[in-house]
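> Let me give you the structure first, and then I'll get to my questions.
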Amino acid sequence: MITGDLKSQIDQIWNTFWTGGITNTITIVEQLTYLIFIKNLDEIETRNELKAKRGFKYTPIFSEDQQDFRWKNLRQMDVNPRHAIFSNTVDGVFPFIRSLGKDKSLFSTYMKGATFGISKPAVLDQVIEKLERLPMENQDTKGDIYEYLLSKLEGGGTAGQFRTPRHIIKLMVELMQPTLEDSICDPSAGTAGFLVAAKEYIDKQYGVTELDKHADFINKKMFNGMEFDATMLRIASMNLYLHGVEEPNIIDVDAVSKDNTITDAYTLVLANPPFKGTIDKESISPGLKNVTNTTKTELLFLALMLRQLKTGGRAAVIVPDGVLFGSGKAHKSIREEIVTNHKLEAVISMPSGVFKPYAGVSTAIMIFTKTGSGGTDYVWFYDMLQDGKSLDDKRQLLVDEALFDDFAFGDGSKALSAAEAHEKFNLPQLLDHYRYLKSPYFKKMHAENGELLHVHDLPENLRWDKFLENTCTHDYSDRASQSFLVPFEEIKDSDWDLSINRYKEIVYEELKYDAPEIIIDRIKKLSKERNVLLKNLIR
């Protein structure tokens, strides 16, 4: 979690730019991104040098002639010589940045647009000095700092795009469990948050030997994205590069336009596409309009995912609630397509405060598999009531910070032991229920509709210890609970409505009141007491 002190330090850096005559928010974020990138390159090099002493082999980032470009050396220089190195357009810091990545790679292509935009030596000096004070040794803190920087770009763009909170990204990655066999795509890549989280998950799940075997695939084909904003292309590329992806495949294209012709290419899609955006009719890829004839981007992106996934490929995507219950023909057609011709597995309703303070929109996570032949039988609905933070603009933590960070930024399974925090933090239970439903244990304990079976002699191999307490004994047919199953036929009969409130049973608490005569007697008694007090006051 980013603290008030850290925010204050970042705001001071921001003010340094403003007082130095740089007021464009995108320019500030981009220049800070370059500086953080340069700082991180030096940190990576330093770590590699230390590992080299233990026999680790690596290719140096900086040559002998480029040692002045290392952060540790730059910050020791005098103001004007340092600014000269940054400003040098032939063999300075920025030509070096642009040379990173393999020749003709997309990374090197996007970095060719990287330019130094701080004209005053004193401003650069102050920014470097203040950046040096920020505690960015910890990857989590570094991510928080960078996320706060990105928040300066205003919460939502004109196309309705909102940054996804990192614990929600982590949840979606943990739900989908990417493997080394996956080709992963985010068609609305932004800063590559989903792709970076997927890379971090894979790095934790596999050993160095296994990762080395797949190094070429990881560096060139595993991580894919689409983005048409030049600044975001560079930021996404730098983000992935710093996480060990040498040639990130981020394509410069409007994902739902005619220019994007990618089909049957990926095994996993993780995305939070723009909400409420629209696109010119003539620009839309014709194949998408065949699935849902609309200009609404939130619907077109779902059709795009179905097209870009290979058969058997999976998707976890955030959609606004309107996608789930919209009565228009386009809304119904995309829901029917997913439920009827593919396999809809889950709809996770999220509280409206998840995207605050940037937006109060209500959203849900849809999880589905492309089959082309149907397969939807029962759809799992989960009503997320609390995500671990307050649902107001402050978004303050409601649970132990270590517990939240274990889930959001570390090993998500560690948080699964904290069932006692469920009332304020639903994500561990949510993840546990989904994994249980996908496991072979579910059919041993439950009927197809989720009703709990009466198992008298529990077999030893059921492995209760794999799940949270009450996960195996939860009644998944109970519509009054947060977690329940709904059959295909009921969804069909409901005109393909996927909103949780359509199926959730609302339990009203019965309130008991005293009989009228008792209430009247109480009023009379109070009236007498009042009269006595008034008489005493008059005396």
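Every chain in the structure tokens has a letter given in the order shown (A, B, ...), and although residue numbers restart at 1 in each chain, ligands are simply numbered from 1 in the order shown.
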If DSSP is run on the backbone, what residues of segment 339-469 of chain A are strand (DSSP E)? A reply as number ranges by chain would be ideal.

A: 343-350, 363-369, 378-383

> Once you have the residues from the selection above, write them out as a short mmCIF file (atom, residue, chain, number, x, y, z; two decimals), in the first residue's frame, restricted to N, CA and C atoms.


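Dumped everything to out-v7.cif:
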```cif
data_model
loop_
_atom_site.label_atom_id
_atom_site.label_comp_id
_atom_site.auth_asym_id
_atom_site.auth_seq_id
_atom_site.Cartn_x
_atom_site.Cartn_y
_atom_site.Cartn_z
N LYS A 343 -18.41 -22.13 -23.58
CA LYS A 343 -18.65 -22.57 -22.19
C LYS A 343 -18.42 -21.42 -21.24
N LEU A 344 -19.51 -20.84 -20.75
CA LEU A 344 -19.41 -19.81 -19.72
C LEU A 344 -19.25 -20.51 -18.38
N GLU A 345 -18.18 -20.19 -17.67
CA GLU A 345 -17.88 -20.89 -16.43
C GLU A 345 -18.23 -20.09 -15.19
N ALA A 346 -18.02 -18.76 -15.23
CA ALA A 346 -18.23 -17.99 -14.00
C ALA A 346 -18.58 -16.54 -14.31
N VAL A 347 -19.38 -15.97 -13.41
CA VAL A 347 -19.67 -14.53 -13.40
C VAL A 347 -19.44 -14.06 -11.97
N ILE A 348 -18.43 -13.22 -11.79
CA ILE A 348 -18.07 -12.74 -10.45
C ILE A 348 -18.46 -11.27 -10.36
N SER A 349 -19.48 -11.00 -9.57
CA SER A 349 -19.96 -9.63 -9.42
C SER A 349 -19.07 -8.87 -8.44
N MET A 350 -18.60 -7.70 -8.85
CA MET A 350 -17.73 -6.89 -7.98
C MET A 350 -18.47 -5.65 -7.49
N THR A 363 -19.08 -3.50 -11.93
CA THR A 363 -18.46 -4.39 -12.91
C THR A 363 -18.54 -5.85 -12.46
N ALA A 364 -18.16 -6.73 -13.38
CA ALA A 364 -18.09 -8.16 -13.06
C ALA A 364 -16.95 -8.78 -13.87
N ILE A 365 -16.48 -9.92 -13.40
CA ILE A 365 -15.49 -10.70 -14.14
C ILE A 365 -16.20 -11.88 -14.79
N MET A 366 -16.08 -11.99 -16.09
CA MET A 366 -16.61 -13.15 -16.82
C MET A 366 -15.47 -14.10 -17.14
N ILE A 367 -15.68 -15.38 -16.88
CA ILE A 367 -14.70 -16.40 -17.23
C ILE A 367 -15.35 -17.39 -18.20
N PHE A 368 -14.75 -17.57 -19.36
CA PHE A 368 -15.33 -18.50 -20.33
C PHE A 368 -14.24 -19.20 -21.14
N THR A 369 -14.63 -20.30 -21.76
CA THR A 369 -13.74 -21.09 -22.61
C THR A 369 -14.32 -21.15 -24.01
N TYR A 378 -23.61 -25.61 -15.88
CA TYR A 378 -23.91 -24.77 -14.71
C TYR A 378 -22.91 -23.62 -14.67
N VAL A 379 -23.41 -22.43 -14.45
CA VAL A 379 -22.54 -21.25 -14.35
C VAL A 379 -22.41 -20.88 -12.87
N TRP A 380 -21.17 -20.67 -12.44
CA TRP A 380 -20.91 -20.29 -11.06
C TRP A 380 -21.02 -18.78 -10.92
N PHE A 381 -21.83 -18.33 -9.97
CA PHE A 381 -21.98 -16.91 -9.65
C PHE A 381 -21.38 -16.67 -8.27
N TYR A 382 -20.61 -15.59 -8.16
CA TYR A 382 -20.07 -15.21 -6.85
C TYR A 382 -20.33 -13.73 -6.64
N ASP A 383 -20.86 -13.41 -5.46
CA ASP A 383 -21.19 -12.03 -5.13
C ASP A 383 -20.09 -11.45 -4.23
#
```

> Tell me, as a list in words, which residues lie within 7 Å of segment 58-75 of chain A, counting only C-alpha atoms; anything in the same chain fewer than 2 positions away does not count.

Ile38, Lys39, Asp42, Glu45, Asn48, Phe56, Met77, Arg82, Val93 and Ile128 of chain A

> Now that the selection is made, can you save its residues with N, CA, C and O atoms as an mmCIF file, in the first residue's frame?


```cif
data_model
loop_
_atom_site.group_PDB
_atom_site.id
_atom_site.type_symbol
_atom_site.label_atom_id
_atom_site.label_comp_id
_atom_site.auth_asym_id
_atom_site.auth_seq_id
_atom_site.Cartn_x
_atom_site.Cartn_y
_atom_site.Cartn_z
ATOM 1 N N ILE A 38 15.640 3.641 -16.371
ATOM 2 C CA ILE A 38 17.102 3.707 -16.311
ATOM 3 C C ILE A 38 17.593 3.248 -14.935
ATOM 4 O O ILE A 38 18.575 2.503 -14.821
ATOM 5 N N LYS A 39 16.900 3.675 -13.893
ATOM 6 C CA LYS A 39 17.252 3.267 -12.523
ATOM 7 C C LYS A 39 17.130 1.750 -12.365
ATOM 8 O O LYS A 39 17.990 1.089 -11.778
ATOM 9 N N ASP A 42 19.947 -0.305 -13.988
ATOM 10 C CA ASP A 42 21.148 -0.358 -13.154
ATOM 11 C C ASP A 42 20.973 -1.359 -12.013
ATOM 12 O O ASP A 42 21.912 -2.093 -11.670
ATOM 13 N N GLU A 45 21.414 -4.799 -13.452
ATOM 14 C CA GLU A 45 22.833 -5.036 -13.715
ATOM 15 C C GLU A 45 23.596 -5.332 -12.429
ATOM 16 O O GLU A 45 24.436 -6.239 -12.383
ATOM 17 N N ASN A 48 22.821 -8.841 -11.271
ATOM 18 C CA ASN A 48 23.512 -9.813 -12.129
ATOM 19 C C ASN A 48 25.001 -9.882 -11.806
ATOM 20 O O ASN A 48 25.607 -10.960 -11.834
ATOM 21 N N PHE A 56 26.946 -17.298 -12.005
ATOM 22 C CA PHE A 56 25.829 -16.982 -12.910
ATOM 23 C C PHE A 56 26.353 -16.279 -14.170
ATOM 24 O O PHE A 56 27.155 -15.344 -14.086
ATOM 25 N N MET A 77 27.131 12.656 -10.696
ATOM 26 C CA MET A 77 27.692 13.685 -11.578
ATOM 27 C C MET A 77 27.235 15.087 -11.190
ATOM 28 O O MET A 77 26.215 15.267 -10.530
ATOM 29 N N ARG A 82 25.786 15.984 -16.293
ATOM 30 C CA ARG A 82 24.732 14.959 -16.297
ATOM 31 C C ARG A 82 23.659 15.302 -17.328
ATOM 32 O O ARG A 82 23.232 14.455 -18.112
ATOM 33 N N VAL A 93 22.325 8.991 -23.195
ATOM 34 C CA VAL A 93 21.477 8.010 -22.512
ATOM 35 C C VAL A 93 20.316 7.537 -23.386
ATOM 36 O O VAL A 93 20.036 6.333 -23.474
ATOM 37 N N ILE A 128 15.961 13.750 -10.073
ATOM 38 C CA ILE A 128 16.819 12.597 -9.763
ATOM 39 C C ILE A 128 17.054 12.505 -8.250
ATOM 40 O O ILE A 128 17.005 11.412 -7.665
#
```

> Neighbours of Lys221 of chain A within 8 Å (only C-alpha atoms; same-chain residues fewer than 3 positions away dropped), as a short mmCIF file (atom, residue, chain, number, x, y, z; two decimals) with N, CA, C and O atoms, in the first residue's frame?


```
data_model
loop_
_atom_site.label_atom_id
_atom_site.label_comp_id
_atom_site.auth_asym_id
_atom_site.auth_seq_id
_atom_site.Cartn_x
_atom_site.Cartn_y
_atom_site.Cartn_z
N SER A 183 -0.12 -19.07 -24.51
CA SER A 183 0.16 -17.85 -25.25
C SER A 183 -0.86 -16.84 -24.77
O SER A 183 -2.07 -16.99 -25.01
N ASP A 216 13.04 -18.85 -25.08
CA ASP A 216 12.77 -18.25 -26.39
C ASP A 216 11.28 -17.97 -26.56
O ASP A 216 10.88 -16.91 -27.05
N PHE A 217 10.44 -18.91 -26.12
CA PHE A 217 8.98 -18.75 -26.22
C PHE A 217 8.52 -17.61 -25.31
O PHE A 217 7.70 -16.79 -25.68
N ILE A 218 9.07 -17.57 -24.08
CA ILE A 218 8.70 -16.52 -23.13
C ILE A 218 9.06 -15.15 -23.69
O ILE A 218 8.28 -14.19 -23.60
N ASN A 224 1.50 -11.16 -25.32
CA ASN A 224 1.02 -10.41 -26.48
C ASN A 224 0.00 -9.37 -26.04
O ASN A 224 -0.76 -9.56 -25.09
N PRO A 248 8.83 -8.14 -25.98
CA PRO A 248 7.37 -8.19 -25.78
C PRO A 248 6.64 -7.90 -27.07
O PRO A 248 7.01 -7.00 -27.82
N ASN A 249 5.61 -8.69 -27.31
CA ASN A 249 4.88 -8.60 -28.58
C ASN A 249 3.65 -7.71 -28.41
O ASN A 249 2.51 -8.16 -28.45
#
```

> Which residues, written as a PyMOL selection string, have at least one atom at most 12 Å from Asn219 of chain A, with only C-alpha atoms counted and residues fewer than 2 positions away on the same chain left out?

chain A and resi 101-102+105-107+180+183+199+211-217+221-224+237+240-250

> A:Lys289, A:Ile523, A:Lys220, A:Arg307: which is nearest Thr263 of chain A, counting only C-alpha atoms?

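Smallest separation from Thr263 of chain A among the options: A:Arg307.
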
> So the first atom is atom CA of Phe17 of chain A and the second is atom CA of Asp393 of chain A; what is the distance between them in Å, to one decimal place?

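Atom CA of Phe17 of chain A sits 26.5 Å away from atom CA of Asp393 of chain A.
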
> Mind the document's chain letters and residue numbers, and return as a PyMOL selection string the residues of segment 319-503 of chain A that DSSP labels alpha helix (DSSP H).

chain A and resi 321-325+329-341+401-408+427-438+441-445+488-493
